[in-house]
>>> print(open('input.cif').read())   # mmCIF, C-alpha atoms and all ligand atoms
data_start
#
loop_
_atom_site.group_PDB
_atom_site.id
_atom_site.type_symbol
_atom_site.label_atom_id
_atom_site.label_comp_id
_atom_site.auth_asym_id
_atom_site.auth_seq_id
_atom_site.Cartn_x
_atom_site.Cartn_y
_atom_site.Cartn_z
ATOM 1 C CA MET I 1330 111.297 -33.922 232.958
ATOM 2 C CA SER I 1331 113.410 -36.886 233.985
ATOM 3 C CA ALA I 1332 117.158 -36.500 234.412
ATOM 4 C CA SER I 1333 119.333 -37.187 231.366
ATOM 5 C CA LEU I 1334 121.639 -40.186 231.282
ATOM 6 C CA GLU I 1335 124.565 -37.753 231.597
ATOM 7 C CA GLU I 1336 123.100 -36.314 234.820
ATOM 8 C CA LYS I 1337 122.469 -39.823 236.123
ATOM 9 C CA LYS I 1338 126.069 -40.729 235.327
ATOM 10 C CA GLN I 1339 127.375 -37.736 237.300
ATOM 11 C CA ARG I 1340 125.215 -38.766 240.252
ATOM 12 C CA LEU I 1341 126.564 -42.305 240.035
ATOM 13 C CA LEU I 1342 130.133 -40.948 240.092
ATOM 14 C CA ASP I 1343 129.271 -38.989 243.259
ATOM 15 C CA ILE I 1344 127.951 -42.191 244.850
ATOM 16 C CA LEU I 1345 131.095 -44.110 243.881
ATOM 17 C CA ARG I 1346 133.240 -41.345 245.400
ATOM 18 C CA SER I 1347 131.291 -41.331 248.645
ATOM 19 C CA ASP I 1348 131.493 -45.147 248.768
ATOM 20 C CA GLY I 1349 135.302 -44.968 248.746
ATOM 21 C CA ILE I 1350 136.373 -45.053 245.096
ATOM 22 C CA HIS I 1351 139.230 -42.547 245.295
ATOM 23 C CA ASP I 1352 141.316 -43.384 242.218
ATOM 24 C CA GLU I 1353 140.653 -40.462 239.847
ATOM 25 C CA ASN I 1354 141.801 -42.475 236.829
ATOM 26 C CA VAL I 1355 139.219 -45.155 237.608
ATOM 27 C CA LEU I 1356 136.478 -42.537 238.081
ATOM 28 C CA ALA I 1357 137.471 -40.899 234.776
ATOM 29 C CA ALA I 1358 137.316 -44.267 232.991
ATOM 30 C CA ILE I 1359 133.843 -44.947 234.416
ATOM 31 C CA GLY I 1360 132.839 -41.435 233.313
ATOM 32 C CA ASP I 1361 134.170 -42.139 229.834
ATOM 33 C CA VAL I 1362 132.379 -45.413 229.081
ATOM 34 C CA GLU I 1363 128.692 -45.324 228.119
ATOM 35 C CA ARG I 1364 127.172 -48.165 230.164
ATOM 36 C CA GLU I 1365 123.876 -47.873 228.268
ATOM 37 C CA LYS I 1366 125.600 -49.405 225.225
ATOM 38 C CA PHE I 1367 126.282 -52.650 227.116
ATOM 39 C CA ILE I 1368 122.773 -53.405 228.411
ATOM 40 C CA PRO I 1369 119.493 -54.405 226.758
ATOM 41 C CA ASP I 1370 117.574 -51.430 225.319
ATOM 42 C CA TYR I 1371 114.615 -51.783 227.669
ATOM 43 C CA LEU I 1372 116.940 -51.115 230.627
ATOM 44 C CA ARG I 1373 118.482 -47.977 229.142
ATOM 45 C CA GLN I 1374 117.022 -45.628 231.766
ATOM 46 C CA GLN I 1375 118.606 -47.800 234.494
ATOM 47 C CA ALA I 1376 122.086 -47.713 232.960
ATOM 48 C CA TYR I 1377 123.496 -45.521 235.755
ATOM 49 C CA GLU I 1378 121.776 -47.104 238.710
ATOM 50 C CA ASN I 1379 124.322 -48.663 241.028
ATOM 51 C CA ALA I 1380 122.949 -52.142 240.314
ATOM 52 C CA ALA I 1381 123.832 -55.333 238.449
ATOM 53 C CA LEU I 1382 121.542 -55.878 235.418
ATOM 54 C CA PRO I 1383 120.686 -58.926 233.291
ATOM 55 C CA ILE I 1384 122.372 -59.402 229.900
ATOM 56 C CA ALA I 1385 121.996 -62.288 227.379
ATOM 57 C CA SER I 1386 122.831 -65.973 228.041
ATOM 58 C CA GLY I 1387 121.567 -65.747 231.645
ATOM 59 C CA GLN I 1388 124.577 -63.616 232.717
ATOM 60 C CA THR I 1389 124.814 -60.215 234.405
ATOM 61 C CA ILE I 1390 126.658 -56.933 233.967
ATOM 62 C CA SER I 1391 128.252 -56.214 237.337
ATOM 63 C CA GLN I 1392 127.183 -53.363 239.602
ATOM 64 C CA PRO I 1393 129.150 -50.165 238.793
ATOM 65 C CA TYR I 1394 130.552 -50.007 242.337
ATOM 66 C CA ILE I 1395 131.986 -53.518 241.963
ATOM 67 C CA VAL I 1396 133.457 -52.657 238.544
ATOM 68 C CA ALA I 1397 135.053 -49.520 239.994
ATOM 69 C CA TYR I 1398 136.260 -51.304 243.139
ATOM 70 C CA MET I 1399 137.819 -54.276 241.346
ATOM 71 C CA THR I 1400 139.452 -51.951 238.817
ATOM 72 C CA GLN I 1401 140.851 -49.741 241.578
ATOM 73 C CA GLU I 1402 142.195 -52.711 243.567
ATOM 74 C CA LEU I 1403 143.851 -54.173 240.461
ATOM 75 C CA GLN I 1404 146.201 -51.134 240.323
ATOM 76 C CA VAL I 1405 146.396 -50.863 236.543
ATOM 77 C CA ASP I 1406 148.544 -48.413 234.599
ATOM 78 C CA ASP I 1407 149.025 -47.569 230.951
ATOM 79 C CA ARG I 1408 152.117 -49.743 230.447
ATOM 80 C CA MET I 1409 150.303 -52.927 231.433
ATOM 81 C CA LYS I 1410 149.064 -56.003 229.615
ATOM 82 C CA VAL I 1411 145.856 -57.162 231.282
ATOM 83 C CA LEU I 1412 143.756 -60.338 231.000
ATOM 84 C CA GLU I 1413 140.037 -60.344 231.814
ATOM 85 C CA VAL I 1414 138.213 -63.675 232.224
ATOM 86 C CA GLY I 1415 134.437 -63.309 231.684
ATOM 87 C CA THR I 1416 133.846 -60.601 229.041
ATOM 88 C CA GLY I 1417 130.051 -60.745 229.497
ATOM 89 C CA SER I 1418 128.609 -57.478 228.200
ATOM 90 C CA GLY I 1419 132.095 -56.038 227.680
ATOM 91 C CA TYR I 1420 131.544 -53.138 230.107
ATOM 92 C CA GLN I 1421 134.264 -54.043 232.619
ATOM 93 C CA GLY I 1422 136.626 -54.690 229.717
ATOM 94 C CA ALA I 1423 135.901 -51.276 228.196
ATOM 95 C CA VAL I 1424 136.666 -49.607 231.549
ATOM 96 C CA LEU I 1425 139.932 -51.562 231.894
ATOM 97 C CA SER I 1426 140.940 -50.729 228.321
ATOM 98 C CA LYS I 1427 140.961 -47.010 229.191
ATOM 99 C CA LEU I 1428 143.597 -47.628 231.865
ATOM 100 C CA CYS I 1429 145.935 -50.265 230.438
ATOM 101 C CA ARG I 1430 148.106 -50.702 227.334
ATOM 102 C CA ARG I 1431 146.426 -53.846 226.002
ATOM 103 C CA LEU I 1432 143.442 -55.823 227.229
ATOM 104 C CA PHE I 1433 142.855 -59.478 226.381
ATOM 105 C CA THR I 1434 139.402 -60.736 227.300
ATOM 106 C CA ILE I 1435 137.896 -64.252 227.177
ATOM 107 C CA GLU I 1436 134.224 -65.305 227.162
ATOM 108 C CA ARG I 1437 132.758 -68.838 227.046
ATOM 109 C CA HIS I 1438 129.326 -67.854 225.596
ATOM 110 C CA LEU I 1439 129.702 -67.250 221.852
ATOM 111 C CA PRO I 1440 126.849 -64.703 221.406
ATOM 112 C CA LEU I 1441 128.123 -62.573 224.294
ATOM 113 C CA MET I 1442 131.632 -62.646 222.855
ATOM 114 C CA GLN I 1443 130.411 -61.625 219.392
ATOM 115 C CA LYS I 1444 128.288 -58.790 220.741
ATOM 116 C CA ALA I 1445 131.071 -57.402 222.923
ATOM 117 C CA ASP I 1446 133.593 -57.655 220.103
ATOM 118 C CA THR I 1447 131.292 -55.688 217.772
ATOM 119 C CA LEU I 1448 130.735 -53.021 220.427
ATOM 120 C CA PHE I 1449 134.474 -52.628 221.101
ATOM 121 C CA LYS I 1450 135.054 -52.058 217.369
ATOM 122 C CA GLU I 1451 132.140 -49.583 217.097
ATOM 123 C CA MET I 1452 133.462 -47.670 220.093
ATOM 124 C CA GLY I 1453 136.979 -47.573 218.650
ATOM 125 C CA LEU I 1454 138.518 -49.455 221.599
ATOM 126 C CA ARG I 1455 141.432 -50.714 219.556
ATOM 127 C CA ASN I 1456 143.598 -52.049 222.383
ATOM 128 C CA ILE I 1457 141.148 -54.888 223.176
ATOM 129 C CA THR I 1458 141.585 -58.412 221.797
ATOM 130 C CA THR I 1459 138.775 -60.925 222.355
ATOM 131 C CA LEU I 1460 138.754 -64.726 222.528
ATOM 132 C CA PHE I 1461 135.869 -67.193 222.564
ATOM 133 C CA GLY I 1462 137.143 -69.880 224.907
ATOM 134 C CA ASP I 1463 137.481 -71.248 228.407
ATOM 135 C CA GLY I 1464 139.146 -68.556 230.471
ATOM 136 C CA MET I 1465 140.062 -71.016 233.214
ATOM 137 C CA LYS I 1466 142.864 -72.047 230.867
ATOM 138 C CA GLY I 1467 143.985 -68.436 230.511
ATOM 139 C CA TRP I 1468 145.653 -67.293 227.282
ATOM 140 C CA PRO I 1469 149.083 -68.997 227.262
ATOM 141 C CA GLU I 1470 150.172 -67.449 223.920
ATOM 142 C CA GLN I 1471 149.848 -63.948 225.417
ATOM 143 C CA ALA I 1472 151.163 -64.679 228.940
ATOM 144 C CA PRO I 1473 152.598 -63.419 231.204
ATOM 145 C CA PHE I 1474 150.105 -60.736 232.235
ATOM 146 C CA ASP I 1475 150.841 -57.795 234.540
ATOM 147 C CA ARG I 1476 147.276 -57.998 235.779
ATOM 148 C CA ILE I 1477 144.443 -60.550 235.639
ATOM 149 C CA MET I 1478 140.811 -59.802 236.508
ATOM 150 C CA VAL I 1479 138.276 -62.638 236.787
ATOM 151 C CA THR I 1480 134.614 -61.531 236.787
ATOM 152 C CA ALA I 1481 132.960 -64.875 237.659
ATOM 153 C CA ALA I 1482 133.250 -66.709 240.973
ATOM 154 C CA SER I 1483 135.104 -69.943 241.617
ATOM 155 C CA ASP I 1484 135.677 -72.015 244.758
ATOM 156 C CA ARG I 1485 139.403 -71.911 244.030
ATOM 157 C CA VAL I 1486 141.855 -69.910 241.969
ATOM 158 C CA PRO I 1487 142.489 -71.650 238.610
ATOM 159 C CA GLU I 1488 146.098 -72.892 238.640
ATOM 160 C CA LYS I 1489 146.719 -71.902 235.018
ATOM 161 C CA LEU I 1490 145.827 -68.281 235.760
ATOM 162 C CA LEU I 1491 148.351 -68.193 238.600
ATOM 163 C CA ASP I 1492 150.991 -69.582 236.191
ATOM 164 C CA GLN I 1493 150.223 -66.812 233.684
ATOM 165 C CA LEU I 1494 150.627 -63.984 236.185
ATOM 166 C CA LYS I 1495 153.845 -61.997 235.820
ATOM 167 C CA GLU I 1496 156.380 -63.301 238.352
ATOM 168 C CA ASP I 1497 157.608 -59.952 239.531
ATOM 169 C CA GLY I 1498 154.646 -58.180 241.152
ATOM 170 C CA GLY I 1499 151.787 -59.535 239.001
ATOM 171 C CA ILE I 1500 148.345 -58.965 240.570
ATOM 172 C CA MET I 1501 145.080 -60.912 240.133
ATOM 173 C CA VAL I 1502 141.657 -59.864 241.421
ATOM 174 C CA ILE I 1503 139.089 -62.688 241.558
ATOM 175 C CA PRO I 1504 135.848 -63.491 243.426
ATOM 176 C CA ILE I 1505 136.281 -66.710 245.420
ATOM 177 C CA GLY I 1506 133.578 -68.776 247.111
ATOM 178 C CA GLU I 1507 130.818 -71.322 246.507
ATOM 179 C CA GLN I 1508 127.662 -70.137 244.672
ATOM 180 C CA GLU I 1509 125.244 -70.382 247.574
ATOM 181 C CA GLN I 1510 127.683 -68.966 250.116
ATOM 182 C CA THR I 1511 129.321 -65.611 250.612
ATOM 183 C CA GLN I 1512 132.014 -65.003 248.055
ATOM 184 C CA HIS I 1513 134.873 -62.569 248.553
ATOM 185 C CA ILE I 1514 137.073 -60.583 246.221
ATOM 186 C CA TYR I 1515 140.614 -61.872 246.645
ATOM 187 C CA ARG I 1516 143.695 -59.965 245.566
ATOM 188 C CA ILE I 1517 146.680 -62.175 244.849
ATOM 189 C CA THR I 1518 150.139 -60.665 244.392
ATOM 190 C CA ARG I 1519 152.931 -62.781 242.910
ATOM 191 C CA GLN I 1520 156.612 -62.559 243.779
ATOM 192 C CA GLY I 1521 158.369 -65.482 242.091
ATOM 193 C CA ASP I 1522 156.776 -68.646 243.455
ATOM 194 C CA ASP I 1523 155.227 -66.760 246.339
ATOM 195 C CA PHE I 1524 151.546 -65.736 246.176
ATOM 196 C CA GLU I 1525 150.313 -63.293 248.803
ATOM 197 C CA THR I 1526 146.515 -63.314 249.272
ATOM 198 C CA GLU I 1527 144.357 -60.483 250.636
ATOM 199 C CA ILE I 1528 140.621 -60.938 251.188
ATOM 200 C CA LEU I 1529 138.913 -57.665 250.289
ATOM 201 C CA LEU I 1530 135.105 -57.526 249.945
ATOM 202 C CA PRO I 1531 132.012 -59.777 250.139
ATOM 203 C CA VAL I 1532 130.314 -60.088 246.729
ATOM 204 C CA LYS I 1533 127.921 -62.157 244.634
ATOM 205 C CA PHE I 1534 128.979 -63.263 241.152
ATOM 206 C CA VAL I 1535 127.747 -65.769 238.555
ATOM 207 C CA PRO I 1536 129.872 -68.953 238.507
ATOM 208 C CA LEU I 1537 133.145 -69.474 236.676
ATOM 209 C CA LEU I 1538 132.476 -72.597 234.578
ATOM 210 C CA GLY I 1539 134.731 -74.680 232.332
ATOM 211 C CA GLY I 1540 134.127 -75.390 228.635
ATOM 212 C CA ILE I 1541 132.474 -73.254 225.941
ATOM 213 C CA VAL I 1542 128.816 -72.655 224.958
ATOM 214 C CA HIS I 1543 127.535 -71.990 221.402
ATOM 215 C CA ASP I 1544 124.097 -70.738 222.574
ATOM 216 C CA SER I 1545 121.955 -68.264 220.688
HETATM 217 N N1 LIG I 1601 132.768 -58.504 233.092
HETATM 218 C C1 LIG I 1601 131.391 -58.718 232.753
HETATM 219 C C2 LIG I 1601 130.664 -59.485 233.843
HETATM 220 C C3 LIG I 1601 129.980 -60.638 233.229
HETATM 221 S S1 LIG I 1601 129.383 -61.908 234.290
HETATM 222 C C4 LIG I 1601 130.666 -57.419 232.404
HETATM 223 O O1 LIG I 1601 131.239 -56.347 232.609
HETATM 224 O O2 LIG I 1601 129.541 -57.472 231.882
HETATM 225 C C5 LIG I 1601 130.645 -63.116 234.131
HETATM 226 C C6 LIG I 1601 130.895 -63.681 232.756
HETATM 227 O O3 LIG I 1601 131.881 -64.708 232.914
HETATM 228 C C7 LIG I 1601 129.697 -64.353 232.089
HETATM 229 O O4 LIG I 1601 129.490 -63.770 230.835
HETATM 230 C C8 LIG I 1601 130.123 -65.813 231.959
HETATM 231 O O5 LIG I 1601 129.649 -66.439 230.788
HETATM 232 C C9 LIG I 1601 131.643 -65.692 231.936
HETATM 233 N N2 LIG I 1601 132.386 -66.904 232.286
HETATM 234 C C10 LIG I 1601 132.129 -67.797 233.268
HETATM 235 N N3 LIG I 1601 133.057 -68.779 233.270
HETATM 236 C C11 LIG I 1601 133.934 -68.492 232.246
HETATM 237 C C12 LIG I 1601 135.106 -69.119 231.735
HETATM 238 N N4 LIG I 1601 135.587 -70.254 232.236
HETATM 239 N N5 LIG I 1601 135.735 -68.533 230.698
HETATM 240 C C13 LIG I 1601 135.270 -67.387 230.146
HETATM 241 N N6 LIG I 1601 134.173 -66.747 230.580
HETATM 242 C C14 LIG I 1601 133.506 -67.289 231.628
#
>>> encode(input="input.cif", output="structure tokens")
Amino acid sequence: MSASLEEKKQRLLDILRSDGIHDENVLAAIGDVEREKFIPDYLRQQAYENAALPIASGQTISQPYIVAYMTQELQVDDRMKVLEVGTGSGYQGAVLSKLCRRLFTIERHLPLMQKADTLFKEMGLRNITTLFGDGMKGWPEQAPFDRIMVTAASDRVPEKLLDQLKEDGGIMVIPIGEQEQTQHIYRITRQGDDFETEILLPVKFVPLLGGIVHDS
């Protein structure tokens, strides 16, 4: 008999631990969120493989290691207001919502946004607020944010997101780099008008694009 999804999830958590995910709160959040709910049905048995998978609108759900790593490096706690740009399947958002006070998440593909929003409601994740829009503009009505996570890659950090980061110790995690070249996860920490940048990990993400798409 093949292993159950629960067994596969436990194995994935062991892999994440051995690959350097040490934040127990992050591991607990990954353990708590059913990834199979966020992927197409035909991929259900692969839900706990440490791999990115296709979702609708030509986008991808990130690899669990990358979700765990970016979440860990964002240093979130339960008093924080967090912005995610690039809701996609909603999986990364669901993980973040377990660790923060309120999560605001923006997606530019309408069907993805609608699907994620429905899932969040079904799963009872009541601290998540969704927006169909261009996340490069951020969410000025809700700013400033203690933390910002961008889950699509850009060649530069959108200025408006920097503006919406909390002045006193706000942190943003974002993949930076051209599409055909190596991208890296950057961590940017704000102190007033000063932005300290750390380059963390080579990655491959779909592009951060402006504007909105009403595809079906
Ligand atoms: N966090 C997602 C990863 C999705 S891939 C998950 O856990 O599944 C990145 C997503 O960013 C895609 O859905 C893409 O449509 C979205 N995206 C790209 N540019 C965007 C923008 N300017 N504003 C909002 N979403 C954007």
>>> axis_aligned_box(input="input.cif", around="ligand LIG 1601 (chain I)", padding_each_side="4 Å", output="AutoDock Vina command-line options")
--center_x 132.6 --center_y -63.3 --center_z 232.2 --size_x 14.4 --size_y 21.9 --size_z 12.1
>>> closest_residue(input="input.cif", among="I:Leu1454, I:Ile1350, I:Ile1541, I:Ala1332", to="ligand LIG 1601 (chain I)", atoms="all atoms listed in the file")
I:Ile1541
>>> residues_around(input="input.cif", residues="region 1525-1528 of chain I", least_positions_apart="6", cutoff="9 Å", atoms="all atoms listed in the file", output="list in words")
His1513, Ile1514, Tyr1515, Arg1516, Ile1517, Thr1518 and Arg1519 of chain I
>>> write_last_selection(input="input.cif", atoms="C-alpha atoms", output="PDB file, keeping the file's coordinate frame")
ATOM      1  CA  HIS I1513     134.873 -62.569 248.553  1.00  0.00           C
ATOM      2  CA  ILE I1514     137.073 -60.583 246.221  1.00  0.00           C
ATOM      3  CA  TYR I1515     140.614 -61.872 246.645  1.00  0.00           C
ATOM      4  CA  ARG I1516     143.695 -59.965 245.566  1.00  0.00           C
ATOM      5  CA  ILE I1517     146.680 -62.175 244.849  1.00  0.00           C
ATOM      6  CA  THR I1518     150.139 -60.665 244.392  1.00  0.00           C
ATOM      7  CA  ARG I1519     152.931 -62.781 242.910  1.00  0.00           C
TER       8      ARG I1519
END
>>> residues_around(input="input.cif", residues="Gly1349 (chain I)", least_positions_apart="6", cutoff="12 Å", atoms="all atoms listed in the file", output="list of chain:residue names")
I:Leu1342, I:Asp1343, I:Val1355, I:Leu1356, I:Tyr1394, I:Ile1395, I:Ala1397, I:Tyr1398, I:Gln1401, I:Glu1402
>>> residues_near_point(input="input.cif", point="(144.7, -51.6, 231.0)", cutoff="8 Å", atoms="only C-alpha atoms", output="list in words")
Val1405, Asp1406, Asp1407, Arg1408, Met1409, Lys1410, Val1411, Leu1425, Ser1426, Lys1427, Leu1428, Cys1429, Arg1430, Arg1431 and Leu1432 of chain I
>>> resolve_selection(input="input.cif", expression="the PyMOL selection byres (((chain I and resi 1508-1512) around 6) and not hetatm)", output="list of chain:residue names")
I:Ile1505, I:Gly1506, I:Glu1507, I:His1513, I:Pro1531, I:Val1532
>>> residues_near_point(input="input.cif", point="(161.9, -62.3, 238.1)", cutoff="7 Å", atoms="all atoms listed in the file", output="list in words")
Glu1496, Asp1497 and Gly1521 of chain I
>>> residues_near_ligand(input="input.cif", ligand="ligand LIG 1601 (chain I)", cutoff="8 Å", atoms="all atoms listed in the file", output="mmCIF file with C-alpha atoms, in the coordinates of the input")
data_model
loop_
_atom_site.group_PDB
_atom_site.id
_atom_site.type_symbol
_atom_site.label_atom_id
_atom_site.label_comp_id
_atom_site.auth_asym_id
_atom_site.auth_seq_id
_atom_site.Cartn_x
_atom_site.Cartn_y
_atom_site.Cartn_z
ATOM 1 C CA PHE I 1367 126.282 -52.650 227.116
ATOM 2 C CA ILE I 1384 122.372 -59.402 229.900
ATOM 3 C CA SER I 1386 122.831 -65.973 228.041
ATOM 4 C CA GLN I 1388 124.577 -63.616 232.717
ATOM 5 C CA THR I 1389 124.814 -60.215 234.405
ATOM 6 C CA ILE I 1390 126.658 -56.933 233.967
ATOM 7 C CA SER I 1391 128.252 -56.214 237.337
ATOM 8 C CA VAL I 1396 133.457 -52.657 238.544
ATOM 9 C CA GLU I 1413 140.037 -60.344 231.814
ATOM 10 C CA VAL I 1414 138.213 -63.675 232.224
ATOM 11 C CA GLY I 1415 134.437 -63.309 231.684
ATOM 12 C CA THR I 1416 133.846 -60.601 229.041
ATOM 13 C CA GLY I 1417 130.051 -60.745 229.497
ATOM 14 C CA SER I 1418 128.609 -57.478 228.200
ATOM 15 C CA GLY I 1419 132.095 -56.038 227.680
ATOM 16 C CA TYR I 1420 131.544 -53.138 230.107
ATOM 17 C CA GLN I 1421 134.264 -54.043 232.619
ATOM 18 C CA GLY I 1422 136.626 -54.690 229.717
ATOM 19 C CA ILE I 1435 137.896 -64.252 227.177
ATOM 20 C CA GLU I 1436 134.224 -65.305 227.162
ATOM 21 C CA ARG I 1437 132.758 -68.838 227.046
ATOM 22 C CA HIS I 1438 129.326 -67.854 225.596
ATOM 23 C CA LEU I 1441 128.123 -62.573 224.294
ATOM 24 C CA PHE I 1461 135.869 -67.193 222.564
ATOM 25 C CA GLY I 1462 137.143 -69.880 224.907
ATOM 26 C CA ASP I 1463 137.481 -71.248 228.407
ATOM 27 C CA GLY I 1464 139.146 -68.556 230.471
ATOM 28 C CA MET I 1465 140.062 -71.016 233.214
ATOM 29 C CA LYS I 1466 142.864 -72.047 230.867
ATOM 30 C CA VAL I 1479 138.276 -62.638 236.787
ATOM 31 C CA THR I 1480 134.614 -61.531 236.787
ATOM 32 C CA ALA I 1481 132.960 -64.875 237.659
ATOM 33 C CA ALA I 1482 133.250 -66.709 240.973
ATOM 34 C CA PHE I 1534 128.979 -63.263 241.152
ATOM 35 C CA VAL I 1535 127.747 -65.769 238.555
ATOM 36 C CA PRO I 1536 129.872 -68.953 238.507
ATOM 37 C CA LEU I 1537 133.145 -69.474 236.676
ATOM 38 C CA LEU I 1538 132.476 -72.597 234.578
ATOM 39 C CA GLY I 1539 134.731 -74.680 232.332
ATOM 40 C CA GLY I 1540 134.127 -75.390 228.635
ATOM 41 C CA ILE I 1541 132.474 -73.254 225.941
#
>>> closest_residue(input="input.cif", among="I:Gln1392, I:Ala1385, I:Thr1400, I:Asp1544", to="Leu1439 (chain I)", atoms="only C-alpha atoms")
I:Asp1544
>>> atom_distance(input="input.cif", atom1="CA of Leu1345 (chain I)", atom2="CA of Lys1533 (chain I)")
18.3 Å
>>> atom_distance(input="input.cif", atom1="CA of Ile1457 (chain I)", atom2="CA of Ala1423 (chain I)")
8.1 Å
>>> atom_distance(input="input.cif", atom1="CA of Val1486 (chain I)", atom2="CA of Asp1522 (chain I)")
15.0 Å
>>> closest_residue(input="input.cif", among="I:Pro1487, I:Gly1453, I:Gly1499, I:Gly1360", to="Asp1475 (chain I)", atoms="all atoms listed in the file")
I:Gly1499
>>> closest_residue(input="input.cif", among="I:His1351, I:Gln1374, I:Ile1359, I:Val1424", to="Lys1337 (chain I)", atoms="all atoms listed in the file")
I:Gln1374
>>> closest_residue(input="input.cif", among="I:Met1452, I:Ile1344, I:Ala1380, I:Ile1477", to="Asp1361 (chain I)", atoms="only C-alpha atoms")
I:Met1452
>>> closest_residue(input="input.cif", among="I:Leu1412, I:Val1502, I:Ile1368, I:Met1442", to="His1543 (chain I)", atoms="all atoms listed in the file")
I:Met1442
>>> resolve_selection(input="input.cif", expression="the PyMOL selection byres (((chain I and resi 1377) around 10) and not hetatm)", output="list in words")
Leu1334, Glu1335, Glu1336, Lys1337, Lys1338, Gln1339, Arg1340, Leu1341, Leu1342, Glu1363, Arg1364, Glu1365, Arg1373, Gln1374, Gln1375, Ala1376, Glu1378, Asn1379, Ala1380, Gln1392 and Pro1393 of chain I
